Structures are given as C-alpha cells and as structure tokens.
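Okay, coords37.txt is below, compact mmCIF, C-alpha atoms:
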# COMPACT_ATOMS: atom_id res chain seq x y z
CA MET P 1 -13.32 12.57 -3.92
CA VAL P 2 -11.51 14.61 -1.34
CA TRP P 3 -8.37 13.64 0.47
CA PHE P 4 -7.68 15.08 3.86
CA PHE P 5 -4.37 14.48 5.55
CA LYS P 6 -3.37 15.05 9.12
CA THR P 7 -0.19 14.07 10.91
CA ILE P 8 -0.04 12.96 14.53
CA SER P 9 2.72 11.44 16.64
CA CYS P 10 2.28 8.87 19.34
CA GLY P 11 4.44 6.44 21.30
CA ARG P 12 3.47 2.81 20.96
CA PHE P 13 4.36 -0.27 22.89
CA VAL P 14 4.51 -3.03 20.33
CA ARG P 15 6.11 -6.43 20.75
CA VAL P 16 7.98 -5.26 23.87
CA LEU P 17 9.55 -2.28 22.11
CA VAL P 18 8.61 1.34 22.61
CA ILE P 19 8.75 3.07 19.26
CA GLU P 20 7.89 6.51 18.07
CA ASP P 21 5.73 6.59 14.99
CA GLU P 22 4.68 9.35 12.74
CA VAL P 23 1.18 8.29 11.93
CA ARG P 24 -0.41 9.89 8.92
CA ILE P 25 -4.12 9.60 8.70
CA ALA P 26 -5.92 10.05 5.44
CA GLU P 27 -9.58 9.85 4.85
CA ILE P 28 -11.33 9.84 1.57
CA LEU P 29 -14.86 11.03 1.81
CA GLN P 30 -17.12 10.64 -1.14
CA GLU P 31 -20.61 11.90 -1.53
CA ALA P 32 -22.58 13.78 -4.17
CA LEU P 33 -21.66 17.44 -4.19
CA ASN P 34 -23.98 19.43 -2.02
CA ARG P 35 -25.16 23.00 -2.52
CA SER P 36 -21.88 24.55 -1.48
CA GLY P 37 -19.86 22.72 -4.13
CA PHE P 38 -17.91 20.93 -1.39
CA VAL P 39 -17.88 17.18 -1.00
CA VAL P 40 -17.64 17.89 2.68
CA ASP P 41 -17.04 21.01 4.71
CA LEU P 42 -13.37 20.62 5.57
CA LYS P 43 -13.70 22.86 8.59
CA GLN P 44 -16.33 20.53 10.03
CA LEU P 45 -14.28 17.45 9.11
CA LYS P 46 -11.24 18.94 10.79
CA GLU P 47 -13.22 19.64 13.94
CA VAL P 48 -14.49 16.05 14.09
CA LEU P 49 -11.03 14.66 13.37
CA ASN P 50 -9.41 16.86 16.00
CA ARG P 51 -12.01 16.08 18.64
CA GLU P 52 -12.46 12.36 18.05
CA VAL P 53 -8.96 11.26 17.02
CA LEU P 54 -6.16 13.76 17.43
CA ASP P 55 -7.04 14.99 20.91
CA ALA P 56 -7.11 11.39 22.07
CA MET P 57 -4.04 10.08 20.25
CA ASP P 58 -1.61 12.84 19.29
CA HIS P 59 1.53 12.60 21.46
CA ARG P 60 -0.05 9.85 23.55
CA PHE P 61 1.30 6.49 24.61
CA LEU P 62 -1.38 4.41 22.94
CA ASN P 63 -1.13 1.42 25.32
CA LYS P 64 -1.57 3.51 28.44
CA GLU P 65 -3.62 6.51 27.39
CA VAL P 66 -6.10 5.40 24.72
CA PRO P 67 -8.80 3.19 26.27
CA GLU P 68 -9.32 0.72 23.38
CA PHE P 69 -5.63 -0.16 23.53
CA PHE P 70 -5.67 -1.07 27.21
CA THR P 71 -6.72 -4.52 25.98
CA ARG P 72 -6.22 -4.46 22.22
CA ILE P 73 -2.68 -4.47 20.78
CA PRO P 74 -1.96 -1.11 19.08
CA THR P 75 -0.79 -2.52 15.77
CA THR P 76 -1.27 -0.30 12.76
CA GLU P 77 -4.17 -2.54 11.71
CA ASN P 78 -5.94 -1.94 15.03
CA LEU P 79 -5.09 1.76 14.91
CA ALA P 80 -6.81 2.08 11.52
CA ILE P 81 -9.87 0.22 12.85
CA SER P 82 -9.99 2.36 15.98
CA ILE P 83 -9.77 5.61 14.01
CA TRP P 84 -12.58 4.39 11.73
CA GLN P 85 -14.74 3.53 14.73
CA ARG P 86 -14.15 6.95 16.25
CA LEU P 87 -14.83 8.87 13.03
CA ALA P 88 -17.56 7.00 11.15
CA PRO P 89 -20.44 7.59 13.61
CA LYS P 90 -19.60 11.29 13.93
CA LEU P 91 -19.45 12.15 10.25
CA THR P 92 -22.99 13.07 9.34
CA THR P 93 -22.61 15.04 6.12
CA ALA P 94 -20.39 12.66 4.17
CA HIS P 95 -19.62 8.99 3.88
CA LEU P 96 -16.30 7.75 5.26
CA HIS P 97 -14.71 5.71 2.51
CA ARG P 98 -11.33 4.67 3.91
CA VAL P 99 -8.86 5.26 6.72
CA ARG P 100 -5.19 4.88 5.83
CA VAL P 101 -2.52 4.84 8.55
CA TYR P 102 1.14 5.08 7.59
CA GLU P 103 3.38 3.42 10.15
CA THR P 104 6.43 4.33 8.06
CA PRO P 105 6.72 5.63 4.48
CA ASP P 106 7.02 2.01 3.30
CA LEU P 107 4.28 0.42 5.40
CA PHE P 108 0.63 1.39 5.67
CA VAL P 109 -2.77 -0.11 6.46
CA ASP P 110 -6.11 0.68 4.78
CA PHE P 111 -9.43 0.01 6.50
CA TYR P 112 -12.75 0.27 4.65
CA GLY P 113 -15.05 -0.53 7.57
CA GLU P 114 -15.45 -4.15 6.50
CA ALA P 115 -16.52 -6.69 9.10
CA MET D 1 -12.47 -7.12 10.75
CA LYS D 2 -10.79 -7.04 7.40
CA ALA D 3 -7.86 -4.70 6.77
CA HIS D 4 -5.46 -4.14 3.87
CA LEU D 5 -1.72 -3.94 4.48
CA THR D 6 0.69 -2.44 1.96
CA ARG D 7 4.44 -2.81 2.06
CA ARG D 8 6.87 -1.00 -0.21
CA TYR D 9 10.19 -2.46 -1.43
CA MET D 10 12.93 -1.01 -3.63
CA PHE D 11 14.99 -2.80 -6.25
CA SER D 12 17.11 -1.82 -9.24
CA ALA D 13 17.27 -3.57 -12.57
CA SER D 14 17.90 -2.97 -16.25
CA HIS D 15 15.88 -3.90 -19.29
CA ARG D 16 15.58 -3.47 -23.01
CA LEU D 17 12.15 -3.35 -24.57
CA HIS D 18 12.40 -5.43 -27.71
CA SER D 19 10.07 -8.01 -29.20
CA ASP D 20 11.38 -10.78 -31.46
CA ALA D 21 7.93 -10.86 -33.04
CA MET D 22 8.55 -7.45 -34.62
CA SER D 23 11.06 -6.14 -37.17
CA GLU D 24 13.86 -3.77 -36.11
CA GLU D 25 11.87 -0.84 -37.52
CA GLU D 26 8.70 -1.89 -35.73
CA ASN D 27 10.59 -2.27 -32.46
CA LYS D 28 12.08 1.20 -32.82
CA ALA D 29 8.71 2.69 -33.66
CA THR D 30 7.00 0.92 -30.74
CA TYR D 31 9.55 1.26 -27.95
CA GLY D 32 11.55 4.34 -29.03
CA LYS D 33 14.59 4.97 -26.84
CA CYS D 34 13.62 2.01 -24.63
CA ASN D 35 14.71 -0.14 -27.59
CA ASN D 36 18.34 0.99 -27.21
CA PRO D 37 20.35 -2.25 -27.75
CA TYR D 38 22.34 -1.77 -24.53
CA GLY D 39 19.27 -1.33 -22.34
CA HIS D 40 18.78 1.10 -19.49
CA GLY D 41 18.15 0.91 -15.75
CA HIS D 42 15.38 1.77 -13.30
CA ASN D 43 15.10 2.07 -9.54
CA TYR D 44 11.78 0.30 -9.12
CA ALA D 45 9.48 0.78 -6.13
CA LEU D 46 7.32 -2.28 -5.58
CA GLU D 47 4.17 -2.07 -3.46
CA ILE D 48 2.44 -5.26 -2.39
CA THR D 49 -1.03 -5.12 -0.85
CA VAL D 50 -2.42 -8.08 1.09
CA SER D 51 -5.64 -8.33 3.05
CA GLY D 52 -7.37 -10.48 5.60
CA PRO D 53 -9.11 -10.48 8.94
CA VAL D 54 -7.13 -8.81 11.72
CA ASP D 55 -6.20 -11.64 14.07
CA GLU D 56 -7.62 -10.94 17.52
CA SER D 57 -4.64 -12.22 19.43
CA THR D 58 -1.86 -10.64 17.35
CA GLY D 59 -3.69 -7.58 15.98
CA MET D 60 -2.15 -8.29 12.58
CA VAL D 61 -3.32 -9.19 9.06
CA CYS D 62 -0.18 -11.29 8.68
CA ASN D 63 3.26 -11.29 10.19
CA LEU D 64 5.37 -8.76 8.33
CA THR D 65 8.47 -10.90 8.70
CA ASP D 66 6.74 -13.65 6.66
CA LEU D 67 5.95 -11.19 3.86
CA ASP D 68 9.41 -9.58 3.98
CA SER D 69 11.20 -12.90 3.89
CA PHE D 70 9.05 -14.24 1.03
CA VAL D 71 9.57 -11.08 -1.03
CA GLU D 72 13.29 -11.03 -0.33
CA HIS D 73 13.87 -14.64 -1.36
CA GLU D 74 11.34 -15.06 -4.14
CA ILE D 75 11.28 -11.61 -5.72
CA LEU D 76 14.13 -9.27 -4.76
CA ASP D 77 16.82 -11.96 -4.98
CA ARG D 78 15.53 -12.75 -8.47
CA PHE D 79 15.36 -9.21 -9.86
CA HIS D 80 17.60 -6.85 -7.86
CA LEU D 81 20.64 -5.74 -9.88
CA GLN D 82 19.70 -8.04 -12.74
CA ASN D 83 19.16 -7.52 -16.43
CA LEU D 84 15.47 -8.42 -16.72
CA ASN D 85 15.94 -9.64 -20.30
CA THR D 86 18.13 -12.45 -18.99
CA VAL D 87 15.97 -13.57 -16.05
CA PRO D 88 15.10 -17.09 -17.23
CA GLU D 89 11.54 -17.14 -15.92
CA PHE D 90 10.68 -14.21 -18.13
CA GLY D 91 11.18 -16.39 -21.17
CA GLN D 92 10.27 -14.58 -24.37
CA ALA D 93 8.04 -12.02 -22.65
CA VAL D 94 9.11 -8.40 -23.12
CA PRO D 95 10.16 -7.11 -19.67
CA THR D 96 7.82 -4.14 -19.62
CA THR D 97 6.71 -3.03 -16.18
CA GLU D 98 3.21 -4.26 -17.08
CA ASN D 99 4.59 -7.78 -17.55
CA LEU D 100 6.81 -7.43 -14.48
CA SER D 101 3.78 -6.51 -12.33
CA ALA D 102 1.83 -9.55 -13.53
CA PHE D 103 4.87 -11.79 -13.11
CA ILE D 104 5.44 -10.68 -9.51
CA TYR D 105 1.71 -11.02 -8.79
CA ASP D 106 1.82 -14.62 -10.01
CA ILE D 107 4.85 -15.45 -7.83
CA LEU D 108 3.01 -14.12 -4.76
CA GLN D 109 -0.27 -15.77 -5.72
CA ARG D 110 1.43 -19.16 -6.04
CA GLY D 111 3.68 -19.02 -2.99
CA PHE D 112 2.50 -16.55 -0.35
CA THR D 113 -0.13 -18.20 1.79
CA HIS D 114 -0.25 -16.05 4.94
CA ALA D 115 -2.80 -13.50 3.62
CA HIS D 116 -4.95 -12.80 0.58
CA LEU D 117 -3.09 -11.05 -2.25
CA GLU D 118 -4.91 -7.88 -3.33
CA LYS D 119 -2.60 -6.19 -5.80
CA VAL D 120 0.90 -5.40 -6.95
CA ARG D 121 1.90 -1.87 -7.88
CA ILE D 122 5.23 -0.90 -9.41
CA GLU D 123 6.62 2.60 -9.87
CA GLU D 124 9.02 2.49 -12.78
CA THR D 125 9.87 6.17 -12.37
CA MET D 126 8.39 8.97 -10.30
CA MET D 127 6.21 9.74 -13.30
CA ASN D 128 4.69 6.33 -14.10
CA SER D 129 3.41 3.30 -12.27
CA PHE D 130 1.51 0.09 -13.03
CA GLU D 131 -0.96 -1.95 -11.02
CA TYR D 132 -2.05 -5.53 -11.41
CA ALA D 133 -4.71 -7.29 -9.37
CA GLY D 134 -5.00 -10.54 -11.27
CA GLY D 135 -8.00 -9.39 -13.27
CA ASN D 136 -9.87 -8.16 -10.21
CA GLU D 137 -10.89 -4.55 -9.84
CA VAL D 138 -8.27 -2.43 -8.07
CA ARG D 139 -9.65 -1.05 -4.82
CA ARG D 140 -9.22 2.68 -4.16
Once you've parsed the file, please lay out its structure as structure tokens.
Amino acid sequence: MVWFFKTISCGRFVRVLVIEDEVRIAEILQEALNRSGFVVDLKQLKEVLNREVLDAMDHRFLNKEVPEFFTRIPTTENLAISIWQRLAPKLTTAHLHRVRVYETPDLFVDFYGEA
Amino acid sequence: MKAHLTRRYMFSASHRLHSDAMSEEENKATYGKCNNPYGHGHNYALEITVSGPVDESTGMVCNLTDLDSFVEHEILDRFHLQNLNTVPEFGQAVPTTENLSAFIYDILQRGFTHAHLEKVRIEETMMNSFEYAGGNEVRR
C-alpha cells in the first residue's frame, strides 16, 4: 500500500458560516507491484491529483467556484465523495482504495466508493 | 452513498493493572510497572468511527452535535479525571485499554442510534493504541 498526502486550503460556506479549512487528502492505492517496483507512479498520481482536484479546489470558495457544490452542500462527507468521483475514473494504473478528508485534526471522513 | 466519519476526543484517567484472579507475584510478572499499587495516569485519545448513507438534504452521515453530546454525557463524563479501577461499571474487569475500548464500544452500540458504529480506537500513549469493532473486521 502507498499513502499519498496533499494539503489544500479552501473557504467553505457551511451552515451559514464561512470557515477556512485545511483539507488534507490522502489516498491509498493498492495494486500488485508492476515492473517498476512501484505500486503506482507517484509522478503520474500527482499530476492527476493536481489536475482533477487541487486546481479546482485549492484556495477556492467551494460553494461558488466548484460546480458540484453549487447545489450540493460542501460538507466534509460530500467533499470526500466529490474528490473520489473526480479521481477514480482518471486513475488507470492503480485502484483507488480510499479518500480521507481531514476537516480538522480531530474530525475526518473516509469514503471507499460505496453506493 | 456511504461514508465513514471519525471524531477524536481526549480524556485523562488513571488505572492500575491488577487482577484479583492472580497472586501478587503473578500480577507483578504479568503487568510489571503497571501493577504499581498507586496506579498511574494516561492522556487517552479516543477515536470513534461511525458510518451511514450521506443524507441528501444535510450532506451529513449524522449530526456531529448528536455524537459530541452523546460522547460527552455517556463516555467523557464517566471516565475523564477518574480512577478507572473505581468506575463502578467496570466491575471486576481489569481496566486495560483493550477492555476500555470494548466497554466504550458497548456504550455506543447500546445508546447511539444516529449512525452505524464502525469501531472505537484508543491511543493510550503515542506509542500504542487499541481498536475494537465488536468482532467485525476493522476496515483500513
């Protein structure tokens, strides 16, 4: 298993309060080791993560700037789901196992892609 | 869609690991310095994981204030700044962190109805932690 962490910041409008969150995203990708000895090429993973998630969300006001949150409330649960939906179809060389979003150090949400 | 929510709480308590079923020598051999007659304290970190479908109207697995208030009244009020050996509900059980995890899991399983209980995890120190999921496999 490989853990890959990335930190982004975004303003959220939740329950009539604007709050600043440090959102930490962690993915675990598990797959049989390929020829290179990597589980996944981290450079490629980073590119996908940057393009699909960070460019869209880092330093953004989720309610106003990220399309899925125009209608859906940007709770940490929905943020984890949204990040999964953005990443899973684009990861071709490894299987996305989990997305974890930390809202604060003492509160986080895990999403495993379950219906 | 189903998501898992984990909340972390801190509490402090003391305990002495000692079993009446064993002799003094056996207790010393089993528990070592944790058998010190005057006990010792820990700053415990308790992590509770619940799961459930994300409600479409609220965007939440469960309302955090329901979980916080249940944990405060049913768990933290019972254990924070207490000597675990004298907490009546513990009875004769040795207050190891294994037993504490299972005990807290049972309190949640019985009383917290707003989401499905997945697991309880307790850090006794920075170097050791225990997880209990009621006999179910712990999800990674």
| D:His4: which residues within 12 Å, counting all atoms listed in the file, same-chain residues fewer than 3 positions away excluded, as a ChimeraX atom specification? | /P:76-78,80-81,98-102,107-114 /D:1,7,48-54,60-62,115-119,139-140
For D:Leu81, please output as an mmCIF file with C-alpha atoms, keeping the file's coordinate frame all residues within 12 Å (counting only C-alpha atoms; exclusion window: fewer than 4 positions along the same chain).
data_model
loop_
_atom_site.group_PDB
_atom_site.id
_atom_site.type_symbol
_atom_site.label_atom_id
_atom_site.label_comp_id
_atom_site.auth_asym_id
_atom_site.auth_seq_id
_atom_site.Cartn_x
_atom_site.Cartn_y
_atom_site.Cartn_z
ATOM 1 C CA MET D 10 12.930 -1.010 -3.630
ATOM 2 C CA PHE D 11 14.990 -2.800 -6.250
ATOM 3 C CA SER D 12 17.110 -1.820 -9.240
ATOM 4 C CA ALA D 13 17.270 -3.570 -12.570
ATOM 5 C CA SER D 14 17.900 -2.970 -16.250
ATOM 6 C CA HIS D 15 15.880 -3.900 -19.290
ATOM 7 C CA HIS D 40 18.780 1.100 -19.490
ATOM 8 C CA GLY D 41 18.150 0.910 -15.750
ATOM 9 C CA HIS D 42 15.380 1.770 -13.300
ATOM 10 C CA ASN D 43 15.100 2.070 -9.540
ATOM 11 C CA TYR D 44 11.780 0.300 -9.120
ATOM 12 C CA ILE D 75 11.280 -11.610 -5.720
ATOM 13 C CA LEU D 76 14.130 -9.270 -4.760
ATOM 14 C CA ASP D 77 16.820 -11.960 -4.980
ATOM 15 C CA THR D 86 18.130 -12.450 -18.990
ATOM 16 C CA VAL D 87 15.970 -13.570 -16.050
#
Please, what is the axis-aligned box for every listed atom of stretch 81-94 of chain P with 6 Å on each side, as centre and edge lengths in Å to one decimal, as JSON?
{"center_x": -16.4, "center_y": 7.6, "center_z": 10.2, "size_x": 25.2, "size_y": 26.8, "size_z": 24.1}
| field | Distance query 8 Å from (2.5, -0.5, -2.9) using all atoms listed in the file, result as a PyMOL selection string | value | chain D and resi 6-8+45-49+120-122
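One finds atom CA of P:Pro105 at 25.5 Å from atom CA of D:Gln82.
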| Between atom CA of P:Ala56 and atom CA of D:Ser57 - distance in Å to one decimal | 23.9 Å
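For the atom pair formed by atom CA of D:Asn63 and atom CA of D:Gly111, the distance is 15.3 Å, given to one decimal.
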| task | May I have the residues within 9 Å of P:Leu91 as a list in words, using only C-alpha atoms and disregarding those fewer than 3 positions away in the same chain? | result | Gln44, Leu45, Val48, Leu87, Ala88, Ala94, His95 and Leu96 of chain P
Any chance you could export the current selection's C-alpha atoms as a PDB file, in the coordinates of the input?
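The new file out.pdb reads:
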ATOM      1  CA  GLN P  44     -16.330  20.530  10.030  1.00  0.00           C
ATOM      2  CA  LEU P  45     -14.280  17.450   9.110  1.00  0.00           C
ATOM      3  CA  VAL P  48     -14.490  16.050  14.090  1.00  0.00           C
ATOM      4  CA  LEU P  87     -14.830   8.870  13.030  1.00  0.00           C
ATOM      5  CA  ALA P  88     -17.560   7.000  11.150  1.00  0.00           C
ATOM      6  CA  ALA P  94     -20.390  12.660   4.170  1.00  0.00           C
ATOM      7  CA  HIS P  95     -19.620   8.990   3.880  1.00  0.00           C
ATOM      8  CA  LEU P  96     -16.300   7.750   5.260  1.00  0.00           C
TER       9      LEU P  96
END
